Amino acid sequence: MAPTAAPSPLAPSSDSELPIPLISLQPLLTHSPSTPETARSLLSAFRTSGFLYLTDFSSVIPPSLLASVFDQSARFFARPQTQKDGLAWTTARSNRGYVCMGREKTSQGMTKEEVAKEREHGGEDLKESFEIGREFEDGHENRWPDKLDFEGAEFKLTMLGFFQRCKEVHAVLMRGIALGLGLDAGFFEDYVVTGDNTLRLLHYPPVAPGGFEGGKRVRAGAHSDYGSVTLLFQDQRGGLQVESPGGWMDVQPIEGTIVVNAGDLLARWSNDLIRSTKHRVVEPPFKGREVEDGHPARYSVAYFSNPDFDKWIEALPGTWEGEKGGKKYNGVNSGEYLLQRLSATY
């Protein structure tokens with residue numbers, strides 16, 4: 001059996017860095033005797049750094065499916081701009097479709113005014129994306145390229161299958177979090193029925209020499225995620241960084257892992273027992289390449305998992321009573337909170 005947790009290449013080298021452990025999903029999938037240990041490891045990671053590397057998930061997300069997702073994502077972004085623009089993102093409430101370069105500014109800001117100040121200081125994010133929500137939500141249809149050609153129809157089928165597989169991983173992780181918090185394993189089941197999640201395909205295009213000059217421009221600005229848990233699938237380019245007490249720390253790509261981080265709603269839910277950590281995407285240092293060659297493209301896939309939009313989120317039992325100091329946050333509707341955060345960034 002694979003180990004529940006193992007030392008990570010990013011184990012902290014000093015007190016100013018954050019530990020990011022490797023944790024196997026297998027015990028939670030098989031309900032093995034080591035499930036409680038896995039749950040404790042999961043909660044420990046979310047309490048200390050808010051990040052972990054997830055391993056042993058191939059029975060749910062096979063490598064062949066993941067390879068197909070990355071291949072078809074790259075093919076989509078290589079389409080003519082007019083085709084992509086025809087599938088454009090329209091509203092934060094729908095949150096579906098193609099987002100062109102400069103449309104979004106990932107930020108910690110809660111209002112459009114706060115985000116506008118960050119745009120002025122650091123410029124636009126150097127990325128384009130394609131947002132996919134659950135199917136059959138009334139009035140909010142996905143903007144598929146299936147009417148364009150056969151490749152577009154294949155894209156739709158692949159992404160629908162991948163969306164569902166990620167939804168399954170989210171549900172398993174929430175069982176582990178529940179156990180880690182001392183709750184019944186099925187505590188969160190009613191919160192993840194509908195699957196009001198977002199699958200985001202990301203393309204960070206090549207940047208000409210000097211495009212990151214001065215250190216102000218980044219591929220994605222510093223932010224925390226808004227929902228419960230994010231699953232991030234990276235290529236090998238690197239560039240993801242998390243904010244640690246000593247500054248920004250690289251989260252190196254590790255083949256065969258998913259980078260998992262806790263979001264703001266999960267932090268609120270846990271009364272800040274769980275940590276939602278700021279992170280960003282920068283251009284990693286050149287590795288033997290001449291600066292004159294410019295900066296190559298980067299691809300990643302993020303699955304933003306949320307409590308279902310009709311759910312009320314307030315401090316969980318055992319996180320606020322007695323000496324724990326009470327509830328830090330008022331209760332909030334999941335869908336309304338996420339809509340507020342998304343509206344500010346576009």
# chains A, B, ... in the order shown; residues from 1 in each chain; ligands from 1

$ select_by_dssp --residues "region 18-264 of chain A" --states "strand (DSSP E)" --output "ChimeraX atom specification"
/A:22-24,51-55,97-99,128-132,198-204,220-223,229-234,240-244,247-250,258-262

$ select_by_dssp --residues "region 134-330 of chain A" --states "helix (DSSP H, G or I)" --output "NGL selection string"
:A and (150-180 or 189-191 or 213-215 or 264-269 or 291-293 or 322-324)

$ write_last_selection --atoms "C-alpha atoms" --output "compact mmCIF listing (two decimals), in the first residue's frame"
# COMPACT_ATOMS: atom_id res chain seq x y z
CA PHE A 150 -15.62 17.16 -34.80
CA GLU A 151 -12.65 18.15 -32.65
CA GLY A 152 -14.93 20.53 -30.75
CA ALA A 153 -17.41 17.72 -30.12
CA GLU A 154 -14.60 15.49 -28.86
CA PHE A 155 -13.43 18.34 -26.60
CA LYS A 156 -16.89 18.51 -25.02
CA LEU A 157 -17.06 14.78 -24.28
CA THR A 158 -13.57 14.72 -22.78
CA MET A 159 -14.14 17.73 -20.54
CA LEU A 160 -17.53 16.45 -19.34
CA GLY A 161 -15.94 13.16 -18.32
CA PHE A 162 -13.03 14.91 -16.62
CA PHE A 163 -15.39 17.28 -14.76
CA GLN A 164 -17.22 14.30 -13.28
CA ARG A 165 -14.00 12.54 -12.25
CA CYS A 166 -12.77 15.67 -10.47
CA LYS A 167 -16.15 15.95 -8.73
CA GLU A 168 -15.59 12.45 -7.36
CA VAL A 169 -12.12 13.37 -6.05
CA HIS A 170 -13.62 16.46 -4.38
CA ALA A 171 -16.23 14.34 -2.59
CA VAL A 172 -13.56 11.91 -1.35
CA LEU A 173 -11.39 14.78 -0.06
CA MET A 174 -14.36 16.25 1.80
CA ARG A 175 -14.85 12.89 3.53
CA GLY A 176 -11.23 13.03 4.63
CA ILE A 177 -11.58 16.61 5.85
CA ALA A 178 -14.69 15.66 7.83
CA LEU A 179 -12.86 12.82 9.56
CA GLY A 180 -9.86 15.06 10.24
CA GLU A 189 -22.23 14.77 1.50
CA ASP A 190 -25.31 17.00 1.29
CA TYR A 191 -23.10 19.98 0.41
CA GLU A 213 10.90 43.25 -16.74
CA GLY A 214 10.74 45.11 -13.45
CA GLY A 215 9.03 42.23 -11.64
CA ASP A 264 -11.73 30.88 1.44
CA LEU A 265 -15.11 29.23 2.01
CA LEU A 266 -13.47 26.20 3.61
CA ALA A 267 -11.44 28.52 5.82
CA ARG A 268 -14.62 30.33 6.89
CA TRP A 269 -16.38 27.02 7.39
CA VAL A 291 16.95 35.28 -22.19
CA GLU A 292 16.77 36.44 -25.79
CA ASP A 293 14.61 33.41 -26.65
CA GLY A 322 -16.09 27.51 24.43
CA GLU A 323 -12.42 28.42 24.66
CA LYS A 324 -12.12 28.49 20.86

$ residues_around --residues "Asp225 (chain A)" --least-positions-apart "3" --cutoff "9 Å" --atoms "only C-alpha atoms" --output "tab-separated table (two decimals) with all heavy atoms, in the first residue's frame"
chain	number	residue	atom	x	y	z
A	108	GLN	N	-6.83	39.54	-4.61
A	108	GLN	CA	-7.41	39.36	-3.29
A	108	GLN	C	-8.48	40.41	-3.03
A	108	GLN	O	-9.15	40.37	-2.00
A	108	GLN	CB	-6.30	39.46	-2.23
A	108	GLN	CG	-6.61	38.80	-0.91
A	108	GLN	CD	-6.79	37.29	-1.03
A	108	GLN	OE1	-6.54	36.71	-2.07
A	108	GLN	NE2	-7.26	36.67	0.03
A	228	SER	N	-14.10	25.82	-1.74
A	228	SER	CA	-13.68	24.92	-0.67
A	228	SER	C	-12.30	24.33	-0.96
A	228	SER	O	-11.36	24.53	-0.19
A	228	SER	CB	-14.73	23.81	-0.46
A	228	SER	OG	-15.00	23.14	-1.68
A	229	VAL	N	-12.17	23.61	-2.07
A	229	VAL	CA	-10.91	22.95	-2.40
A	229	VAL	C	-10.63	23.12	-3.89
A	229	VAL	O	-11.55	23.00	-4.71
A	229	VAL	CB	-10.96	21.45	-2.05
A	229	VAL	CG1	-9.76	20.71	-2.60
A	229	VAL	CG2	-11.03	21.25	-0.53
A	230	THR	N	-9.39	23.38	-4.25
A	230	THR	CA	-8.98	23.46	-5.65
A	230	THR	C	-8.05	22.30	-5.99
A	230	THR	O	-7.13	22.00	-5.22
A	230	THR	CB	-8.24	24.79	-5.94
A	230	THR	OG1	-9.12	25.88	-5.66
A	230	THR	CG2	-7.80	24.87	-7.40
A	261	ASN	N	-5.28	22.77	-2.81
A	261	ASN	CA	-5.24	23.83	-1.80
A	261	ASN	C	-6.64	24.16	-1.30
A	261	ASN	O	-7.64	23.98	-2.01
A	261	ASN	CB	-4.55	25.09	-2.32
A	261	ASN	CG	-5.29	25.77	-3.44
A	261	ASN	OD1	-5.19	25.33	-4.60
A	261	ASN	ND2	-6.02	26.83	-3.14
A	262	ALA	N	-6.70	24.62	-0.07
A	262	ALA	CA	-7.96	25.02	0.53
A	262	ALA	C	-8.33	26.44	0.10
A	262	ALA	O	-7.45	27.27	-0.11
A	262	ALA	CB	-7.86	24.94	2.06
A	263	GLY	N	-9.63	26.69	-0.02
A	263	GLY	CA	-10.11	28.00	-0.42
A	263	GLY	C	-10.77	28.76	0.72
A	263	GLY	O	-10.88	28.27	1.85
A	264	ASP	N	-11.21	29.97	0.42
A	264	ASP	CA	-11.73	30.88	1.44
A	264	ASP	C	-12.99	30.36	2.13
A	264	ASP	O	-13.15	30.54	3.34
A	264	ASP	CB	-12.03	32.25	0.82
A	264	ASP	CG	-10.79	32.95	0.31
A	264	ASP	OD1	-9.68	32.57	0.73
A	264	ASP	OD2	-10.91	33.88	-0.51
A	265	LEU	N	-13.88	29.72	1.37
A	265	LEU	CA	-15.11	29.23	2.01
A	265	LEU	C	-14.81	28.10	2.99
A	265	LEU	O	-15.45	28.00	4.04
A	265	LEU	CB	-16.11	28.76	0.96
A	265	LEU	CG	-17.09	29.81	0.45
A	265	LEU	CD1	-18.02	29.23	-0.60
A	265	LEU	CD2	-17.91	30.43	1.59
A	276	SER	N	-6.48	29.23	4.06
A	276	SER	CA	-6.58	29.55	2.64
A	276	SER	C	-5.41	30.48	2.30
A	276	SER	O	-5.41	31.65	2.66
A	276	SER	CB	-7.92	30.22	2.32
A	276	SER	OG	-8.00	30.55	0.95
A	277	THR	N	-4.41	29.93	1.61
A	277	THR	CA	-3.14	30.62	1.42
A	277	THR	C	-3.08	31.33	0.08
A	277	THR	O	-3.46	30.78	-0.95
A	277	THR	CB	-1.98	29.60	1.51
A	277	THR	OG1	-2.07	28.90	2.75
A	277	THR	CG2	-0.63	30.30	1.42
A	278	LYS	N	-2.55	32.54	0.11
A	278	LYS	CA	-2.36	33.27	-1.15
A	278	LYS	C	-1.31	32.59	-2.01
A	278	LYS	O	-0.31	32.08	-1.52
A	278	LYS	CB	-1.96	34.73	-0.87
A	278	LYS	CG	-3.11	35.61	-0.43
A	278	LYS	CD	-2.85	37.09	-0.71
A	278	LYS	CE	-1.67	37.63	0.05
A	278	LYS	NZ	-1.54	39.10	-0.13
A	279	HIS	N	-1.54	32.66	-3.32
A	279	HIS	CA	-0.59	32.10	-4.27
A	279	HIS	C	-0.65	32.90	-5.57
A	279	HIS	O	-1.54	33.73	-5.76
A	279	HIS	CB	-0.89	30.62	-4.53
A	279	HIS	CG	-2.33	30.32	-4.84
A	279	HIS	ND1	-3.32	30.29	-3.86
A	279	HIS	CD2	-2.97	30.07	-6.00
A	279	HIS	CE1	-4.48	30.01	-4.41
A	279	HIS	NE2	-4.30	29.88	-5.72
A	304	PHE	N	-12.11	24.07	-9.55
A	304	PHE	CA	-12.49	24.81	-8.36
A	304	PHE	C	-13.75	24.18	-7.77
A	304	PHE	O	-14.84	24.27	-8.34
A	304	PHE	CB	-12.75	26.29	-8.71
A	304	PHE	CG	-11.54	27.00	-9.23
A	304	PHE	CD1	-11.41	27.30	-10.57
A	304	PHE	CD2	-10.51	27.37	-8.38
A	304	PHE	CE1	-10.30	27.95	-11.07
A	304	PHE	CE2	-9.38	28.02	-8.86
A	304	PHE	CZ	-9.27	28.31	-10.21

$ residues_around --residues "Gln83 (chain A)" --least-positions-apart "6" --cutoff "12 Å" --atoms "only C-alpha atoms" --output "PyMOL selection string"
chain A and resi 76-77+97-98+100+143-149+152

$ residues_around --residues "Asp235 (chain A)" --least-positions-apart "4" --cutoff "8 Å" --atoms "only C-alpha atoms" --output "ChimeraX atom specification"
/A:253,298-300

$ write_last_selection --atoms "N, CA, C and O atoms" --output "short mmCIF file (atom, residue, chain, number, x, y, z; two decimals), in the first residue's frame"
data_model
loop_
_atom_site.label_atom_id
_atom_site.label_comp_id
_atom_site.auth_asym_id
_atom_site.auth_seq_id
_atom_site.Cartn_x
_atom_site.Cartn_y
_atom_site.Cartn_z
N PRO A 253 6.43 21.51 -9.95
CA PRO A 253 5.62 20.43 -10.50
C PRO A 253 6.22 19.07 -10.15
O PRO A 253 7.44 18.88 -10.24
N ARG A 298 2.87 28.14 -20.93
CA ARG A 298 2.59 27.26 -19.80
C ARG A 298 1.12 26.89 -19.87
O ARG A 298 0.26 27.72 -20.21
N TYR A 299 0.81 25.65 -19.52
CA TYR A 299 -0.58 25.17 -19.48
C TYR A 299 -0.86 24.58 -18.10
O TYR A 299 -0.01 23.91 -17.51
N SER A 300 -2.06 24.79 -17.61
CA SER A 300 -2.50 24.13 -16.39
C SER A 300 -4.01 23.95 -16.45
O SER A 300 -4.70 24.56 -17.29
#

$ closest_residue --among "A:Arg280, A:His140, A:Arg275, A:His203" --to "Gly239 (chain A)" --atoms "only C-alpha atoms"
A:Arg280

$ residues_around --residues "Ser44 (chain A)" --least-positions-apart "4" --cutoff "10 Å" --atoms "only C-alpha atoms" --output "PyMOL selection string"
chain A and resi 21+38-40+48-52+177+180+273-274

$ atom_distance --atom1 "CA of Leu181 (chain A)" --atom2 "CA of Gly335 (chain A)"
23.9 Å
